[in-house]
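Student: The structure that follows is given in the form of structure tokens.
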Amino acid sequence: METLHPDVEKVLFTEEDIAEIVKRLGAKITEDYQGKDLVLIAVLRGAVVFMGDLMRAIDTKCAIDFMAVSSYGNGVKSSGIVRIIKDLDIDINGRDVLIVEDVLDSGLTLKYLMKNLASRHPASLEVCTFLWKDVEGKQAAIDPKYVGTHCPDEFVVGYGLDYAERYRNLPYVGVLKPEVYA
Ligand code: XMP
Ligand code: MG
């Protein structure tokens with residue numbers, strides 16, 4: 001067990017949990033995309049760490065690209081407003097696109113992104129999210145094809161996820177102590 005960051009109250013997913021999740025997802029994606037023209041698109045910045053792990057767990061031809069959108073600012077609540085800050089560099093027309101996302105909450109961010117990407121006529125368009133906050137009574141605006149793990153409806157950090165741009169480098173996913181937000 002790694003030493004805990006002093007701001008972290010509890011660990012939800014350890015490095016070992018994460019490695020297992022990534023291995024499983026990579027194997028499934030490898031199987032599903034044999035012979036296809038796979039393009040992984042990660043949403044900056046949170047999905048960068050997951051992307052780096054996932055792409056190495058995929059054993060079939062694939063390209064990668066990145067998009068940056070903004071919906072949260074520095075806070076912990078969804079604003080519902082999505083802005084494209086960085087667009088793709090490659091053409092996805094006729095290709096098999098898999099969006100790689102860190103966490104799916106309301107799904108509003110991805111709904112907007114998928115509509116935007118669909119207008120560029122990919123052969124297929126799916127989502128792989130590392131975490132899904134699909135707690136009871138809560139419905140996401142999109143349906144992810146691949147889900148790493150379900151996550152409680154708490155604000156989480158680590159493994160790419162931040163609070164005010166901090167904690168992205170933690171190798172595990174955890175919840176911060178309440179006093180950190182104060
Ligand atoms: P929606 O509600 O659009 O939100 O599905 C998805 C985006 O919101 C951010 N998000 C989080 N970021 N810890 C974070 O660091 C969290 O617990 C969290 N929940 C949502 C994230 O950028 C995601 O892409
Ligand atoms: Mg994100």
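Starting from 1 in every chain, residues are counted up; chains themselves are A, B, ... following the order of the structure tokens, and ligands are numbered from 1 as listed.
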Residues near A:Lys61, anyone? I mean within 10 Å using only C-alpha atoms, not counting same-chain ones fewer than 3 positions away, as a list in words.
Tutor: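 The neighbour list is Thr30, Tyr33, Gln34, Gly35, Lys36, Asp37, Leu38, Val39 and Ile58 of chain A.
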Student: Once DSSP has gone over the backbone, tell me which residues of chain A are in strand (DSSP E or B), as JSON, numbers by chain.
Tutor: {"A": [8, 9, 10, 11, 12, 13, 38, 39, 40, 41, 42, 43, 44, 62, 63, 64, 65, 66, 67, 68, 69, 70, 83, 84, 85, 86, 96, 97, 98, 99, 100, 101, 102, 103, 104, 124, 125, 126, 127, 128, 129, 130, 131, 132, 146, 147, 148, 149, 150, 156, 157, 158, 161, 163, 166, 173, 174, 175, 176]}
Student: Could you write out the selected residues, including C-alpha atoms, as a tab-separated table (two decimals), in the first residue's frame?
Tutor:
chain	number	residue	atom	x	y	z
A	8	VAL	CA	-6.69	12.41	1.21
A	9	GLU	CA	-9.38	11.09	3.53
A	10	LYS	CA	-9.81	7.68	1.91
A	11	VAL	CA	-8.74	5.67	-1.10
A	12	LEU	CA	-11.54	4.34	-3.30
A	13	PHE	CA	-9.43	2.55	-5.92
A	38	LEU	CA	-9.58	2.58	-34.02
A	39	VAL	CA	-8.97	6.15	-32.89
A	40	LEU	CA	-8.78	6.80	-29.14
A	41	ILE	CA	-9.78	10.32	-28.23
A	42	ALA	CA	-9.00	11.41	-24.70
A	43	VAL	CA	-10.59	14.37	-23.07
A	44	LEU	CA	-7.95	16.61	-21.52
A	62	CYS	CA	-4.91	2.35	-32.96
A	63	ALA	CA	-4.29	6.07	-33.27
A	64	ILE	CA	-4.69	8.62	-30.50
A	65	ASP	CA	-5.76	12.24	-30.36
A	66	PHE	CA	-6.88	14.72	-27.73
A	67	MET	CA	-9.60	17.24	-27.17
A	68	ALA	CA	-9.96	19.74	-24.40
A	69	VAL	CA	-13.32	20.87	-23.16
A	70	SER	CA	-14.27	22.86	-20.16
A	83	ARG	CA	-16.61	24.79	-24.36
A	84	ILE	CA	-14.12	23.27	-26.86
A	85	ILE	CA	-10.70	24.60	-25.94
A	86	LYS	CA	-8.66	22.27	-28.13
A	96	ASP	CA	-13.89	3.91	-35.35
A	97	VAL	CA	-13.79	6.46	-32.59
A	98	LEU	CA	-13.60	5.59	-28.91
A	99	ILE	CA	-13.77	8.50	-26.50
A	100	VAL	CA	-11.64	7.91	-23.42
A	101	GLU	CA	-12.99	9.75	-20.39
A	102	ASP	CA	-11.94	9.90	-16.76
A	103	VAL	CA	-15.34	10.20	-15.11
A	104	LEU	CA	-18.93	10.18	-16.26
A	124	SER	CA	-18.58	4.27	-35.12
A	125	LEU	CA	-18.55	6.35	-31.96
A	126	GLU	CA	-18.40	4.91	-28.45
A	127	VAL	CA	-17.33	5.89	-24.95
A	128	CYS	CA	-14.93	4.25	-22.52
A	129	THR	CA	-15.09	5.86	-19.10
A	130	PHE	CA	-12.84	4.92	-16.23
A	131	LEU	CA	-15.36	5.92	-13.55
A	132	TRP	CA	-19.13	6.12	-13.70
A	146	TYR	CA	-17.05	0.46	-21.63
A	147	VAL	CA	-17.00	1.25	-17.92
A	148	GLY	CA	-13.97	0.78	-15.71
A	149	THR	CA	-15.80	0.86	-12.42
A	150	HIS	CA	-18.81	2.39	-10.74
A	156	VAL	CA	-12.85	12.21	-6.36
A	157	VAL	CA	-9.23	13.05	-7.16
A	158	GLY	CA	-6.14	11.22	-8.35
A	161	LEU	CA	-8.58	13.78	-11.65
A	163	TYR	CA	-9.29	19.56	-7.46
A	166	ARG	CA	-3.98	19.49	-7.89
A	173	VAL	CA	-8.39	7.47	-6.74
A	174	GLY	CA	-9.45	8.98	-3.48
A	175	VAL	CA	-11.64	11.45	-1.64
A	176	LEU	CA	-10.21	14.59	-0.08
Student: Just give me the gap between atom CA of A:Leu117 and atom CA of A:Ala164 in Å, one decimal is fine.
Tutor: 27.8 Å
Student: Which residue gives the smallest distance to ligand 2 among A:Pro152, A:Gly160, A:Gly137, A:Pro122, with only C-alpha atoms and all ligand atoms counted?
Tutor: A:Gly160
Student: Which value, in Å to one decimal, gives the distance between atom 20 (C, counted along the ligand's line) of ligand 1 and atom CA of A:Lys115?
Tutor: 19.3 Å
Student: Using only C-alpha atoms, which of A:Pro178, A:Gly94, A:Gly52, A:Pro144 sits nearest A:Ser119?
Tutor: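 Smallest distance to A:Ser119 is found for A:Gly94.
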Student: Which residue out of A:Leu54, A:Ala47, A:Ile92, A:Val135 has the minimum interatomic distance to ligand 2 when only C-alpha atoms and all ligand atoms are used?
Tutor: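 Ranked by minimum distance to ligand 2, first place goes to A:Ala47.
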Student: I'd like the interatomic distance between atom CA of A:Asp143 and atom 4 (O, counted along the ligand's line) of ligand 1, to a tenth of an Å.
Tutor: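 Answer for the atom CA of A:Asp143 to atom 4 (O, counted along the ligand's line) of ligand 1 separation: 13.5 Å.
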Student: Which residues are near A:Lys138? Cut-off 9 Å, only C-alpha atoms, ignore same chain within fewer than 3 positions. Put them as a PDB file with N, CA and C atoms, in the first residue's frame.
Tutor:
ATOM      1  N   ASP A 105     -20.374  11.705 -15.096  1.00  0.00           N
ATOM      2  CA  ASP A 105     -21.258  12.107 -14.002  1.00  0.00           C
ATOM      3  C   ASP A 105     -22.649  12.347 -14.597  1.00  0.00           C
ATOM      4  N   SER A 106     -22.988  13.579 -14.906  1.00  0.00           N
ATOM      5  CA  SER A 106     -24.283  13.845 -15.547  1.00  0.00           C
ATOM      6  C   SER A 106     -24.267  13.375 -17.005  1.00  0.00           C
ATOM      7  N   LYS A 133     -20.291   7.569 -12.139  1.00  0.00           N
ATOM      8  CA  LYS A 133     -21.045   7.880 -10.909  1.00  0.00           C
ATOM      9  C   LYS A 133     -22.523   7.590 -11.145  1.00  0.00           C
ATOM     10  N   ASP A 134     -22.833   6.325 -11.424  1.00  0.00           N
ATOM     11  CA  ASP A 134     -24.229   5.976 -11.741  1.00  0.00           C
ATOM     12  C   ASP A 134     -24.963   5.482 -10.498  1.00  0.00           C
ATOM     13  N   VAL A 135     -25.033   6.374  -9.522  1.00  0.00           N
ATOM     14  CA  VAL A 135     -25.745   6.049  -8.289  1.00  0.00           C
ATOM     15  C   VAL A 135     -27.238   6.021  -8.553  1.00  0.00           C
TER      16      VAL A 135
END
Student: In terms of the shortest atom-to-atom distance over only C-alpha atoms, which of A:Glu165, A:Asp153, A:Glu15, A:Tyr181 is closest to A:Thr3?
Tutor: A:Glu15
Student: Can you work out which one of A:Asp53, A:Glu20, A:Glu136, A:Asp7 has the shortest atom-to-atom distance to A:Cys151, counting only C-alpha atoms?
Tutor: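 Ranked by minimum distance to A:Cys151, first place goes to A:Glu136.
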Student: Taking the DSSP secondary structure from the backbone, can you list the residues of stretch 31-178 of chain A that are helix (DSSP H, G or I), as an MDAnalysis selection string?
Tutor: chainID A and resid 31:32 48:56 108:118 178
Student: Take the residues from that selection and write them out as a PDB file, in the first residue's frame, keeping N, CA, C and O atoms.
Tutor:
ATOM      1  N   GLU A  31     -10.353  -7.053 -28.448  1.00  0.00           N
ATOM      2  CA  GLU A  31     -11.208  -8.047 -29.087  1.00  0.00           C
ATOM      3  C   GLU A  31     -12.233  -7.365 -30.005  1.00  0.00           C
ATOM      4  O   GLU A  31     -12.419  -7.757 -31.151  1.00  0.00           O
ATOM      5  N   ASP A  32     -12.872  -6.324 -29.500  1.00  0.00           N
ATOM      6  CA  ASP A  32     -13.957  -5.669 -30.240  1.00  0.00           C
ATOM      7  C   ASP A  32     -13.489  -4.876 -31.462  1.00  0.00           C
ATOM      8  O   ASP A  32     -14.259  -4.660 -32.387  1.00  0.00           O
ATOM      9  N   VAL A  48      -5.914  11.896 -19.267  1.00  0.00           N
ATOM     10  CA  VAL A  48      -4.561  11.645 -19.767  1.00  0.00           C
ATOM     11  C   VAL A  48      -3.914  10.405 -19.131  1.00  0.00           C
ATOM     12  O   VAL A  48      -3.304   9.589 -19.819  1.00  0.00           O
ATOM     13  N   VAL A  49      -4.055  10.270 -17.850  1.00  0.00           N
ATOM     14  CA  VAL A  49      -3.417   9.155 -17.150  1.00  0.00           C
ATOM     15  C   VAL A  49      -4.059   7.827 -17.563  1.00  0.00           C
ATOM     16  O   VAL A  49      -3.371   6.851 -17.878  1.00  0.00           O
ATOM     17  N   PHE A  50      -5.381   7.830 -17.607  1.00  0.00           N
ATOM     18  CA  PHE A  50      -6.128   6.641 -18.032  1.00  0.00           C
ATOM     19  C   PHE A  50      -5.773   6.287 -19.478  1.00  0.00           C
ATOM     20  O   PHE A  50      -5.543   5.123 -19.802  1.00  0.00           O
ATOM     21  N   MET A  51      -5.719   7.280 -20.339  1.00  0.00           N
ATOM     22  CA  MET A  51      -5.356   7.071 -21.749  1.00  0.00           C
ATOM     23  C   MET A  51      -3.998   6.392 -21.863  1.00  0.00           C
ATOM     24  O   MET A  51      -3.823   5.429 -22.613  1.00  0.00           O
ATOM     25  N   GLY A  52      -3.038   6.906 -21.106  1.00  0.00           N
ATOM     26  CA  GLY A  52      -1.678   6.358 -21.163  1.00  0.00           C
ATOM     27  C   GLY A  52      -1.640   4.885 -20.780  1.00  0.00           C
ATOM     28  O   GLY A  52      -0.922   4.093 -21.395  1.00  0.00           O
ATOM     29  N   ASP A  53      -2.409   4.524 -19.794  1.00  0.00           N
ATOM     30  CA  ASP A  53      -2.473   3.124 -19.369  1.00  0.00           C
ATOM     31  C   ASP A  53      -3.284   2.286 -20.354  1.00  0.00           C
ATOM     32  O   ASP A  53      -2.864   1.205 -20.754  1.00  0.00           O
ATOM     33  N   LEU A  54      -4.452   2.809 -20.730  1.00  0.00           N
ATOM     34  CA  LEU A  54      -5.368   2.028 -21.577  1.00  0.00           C
ATOM     35  C   LEU A  54      -4.752   1.716 -22.940  1.00  0.00           C
ATOM     36  O   LEU A  54      -4.856   0.589 -23.425  1.00  0.00           O
ATOM     37  N   MET A  55      -4.113   2.694 -23.549  1.00  0.00           N
ATOM     38  CA  MET A  55      -3.558   2.458 -24.894  1.00  0.00           C
ATOM     39  C   MET A  55      -2.511   1.354 -24.876  1.00  0.00           C
ATOM     40  O   MET A  55      -2.377   0.602 -25.836  1.00  0.00           O
ATOM     41  N   ARG A  56      -1.790   1.236 -23.761  1.00  0.00           N
ATOM     42  CA  ARG A  56      -0.770   0.185 -23.673  1.00  0.00           C
ATOM     43  C   ARG A  56      -1.374  -1.175 -23.367  1.00  0.00           C
ATOM     44  O   ARG A  56      -0.704  -2.202 -23.453  1.00  0.00           O
ATOM     45  N   LEU A 108     -23.378  15.270 -19.428  1.00  0.00           N
ATOM     46  CA  LEU A 108     -23.647  16.440 -20.281  1.00  0.00           C
ATOM     47  C   LEU A 108     -22.427  16.797 -21.134  1.00  0.00           C
ATOM     48  O   LEU A 108     -22.558  17.152 -22.303  1.00  0.00           O
ATOM     49  N   THR A 109     -21.249  16.663 -20.537  1.00  0.00           N
ATOM     50  CA  THR A 109     -20.016  16.949 -21.263  1.00  0.00           C
ATOM     51  C   THR A 109     -19.889  16.017 -22.472  1.00  0.00           C
ATOM     52  O   THR A 109     -19.651  16.457 -23.591  1.00  0.00           O
ATOM     53  N   LEU A 110     -20.073  14.725 -22.214  1.00  0.00           N
ATOM     54  CA  LEU A 110     -19.916  13.745 -23.282  1.00  0.00           C
ATOM     55  C   LEU A 110     -21.039  13.816 -24.304  1.00  0.00           C
ATOM     56  O   LEU A 110     -20.826  13.561 -25.484  1.00  0.00           O
ATOM     57  N   LYS A 111     -22.217  14.175 -23.876  1.00  0.00           N
ATOM     58  CA  LYS A 111     -23.344  14.279 -24.807  1.00  0.00           C
ATOM     59  C   LYS A 111     -23.037  15.354 -25.849  1.00  0.00           C
ATOM     60  O   LYS A 111     -23.211  15.156 -27.051  1.00  0.00           O
ATOM     61  N   TYR A 112     -22.541  16.443 -25.356  1.00  0.00           N
ATOM     62  CA  TYR A 112     -22.169  17.545 -26.236  1.00  0.00           C
ATOM     63  C   TYR A 112     -21.039  17.120 -27.174  1.00  0.00           C
ATOM     64  O   TYR A 112     -21.091  17.331 -28.388  1.00  0.00           O
ATOM     65  N   LEU A 113     -20.047  16.476 -26.608  1.00  0.00           N
ATOM     66  CA  LEU A 113     -18.882  16.044 -27.380  1.00  0.00           C
ATOM     67  C   LEU A 113     -19.261  15.020 -28.447  1.00  0.00           C
ATOM     68  O   LEU A 113     -18.789  15.073 -29.589  1.00  0.00           O
ATOM     69  N   MET A 114     -20.127  14.090 -28.091  1.00  0.00           N
ATOM     70  CA  MET A 114     -20.528  13.045 -29.033  1.00  0.00           C
ATOM     71  C   MET A 114     -21.322  13.618 -30.194  1.00  0.00           C
ATOM     72  O   MET A 114     -21.178  13.186 -31.332  1.00  0.00           O
ATOM     73  N   LYS A 115     -22.162  14.592 -29.906  1.00  0.00           N
ATOM     74  CA  LYS A 115     -22.935  15.239 -30.957  1.00  0.00           C
ATOM     75  C   LYS A 115     -21.991  15.940 -31.928  1.00  0.00           C
ATOM     76  O   LYS A 115     -22.114  15.835 -33.152  1.00  0.00           O
ATOM     77  N   ASN A 116     -21.030  16.599 -31.354  1.00  0.00           N
ATOM     78  CA  ASN A 116     -20.027  17.308 -32.153  1.00  0.00           C
ATOM     79  C   ASN A 116     -19.212  16.328 -33.016  1.00  0.00           C
ATOM     80  O   ASN A 116     -19.016  16.552 -34.216  1.00  0.00           O
ATOM     81  N   LEU A 117     -18.762  15.228 -32.421  1.00  0.00           N
ATOM     82  CA  LEU A 117     -17.943  14.260 -33.156  1.00  0.00           C
ATOM     83  C   LEU A 117     -18.765  13.494 -34.192  1.00  0.00           C
ATOM     84  O   LEU A 117     -18.272  13.175 -35.274  1.00  0.00           O
ATOM     85  N   ALA A 118     -20.022  13.215 -33.874  1.00  0.00           N
ATOM     86  CA  ALA A 118     -20.898  12.487 -34.804  1.00  0.00           C
ATOM     87  C   ALA A 118     -21.084  13.263 -36.102  1.00  0.00           C
ATOM     88  O   ALA A 118     -21.199  12.667 -37.179  1.00  0.00           O
ATOM     89  N   PRO A 178     -12.598  17.026   4.039  1.00  0.00           N
ATOM     90  CA  PRO A 178     -13.484  18.189   3.856  1.00  0.00           C
ATOM     91  C   PRO A 178     -12.766  19.527   4.049  1.00  0.00           C
ATOM     92  O   PRO A 178     -13.057  20.493   3.352  1.00  0.00           O
TER      93      PRO A 178
END
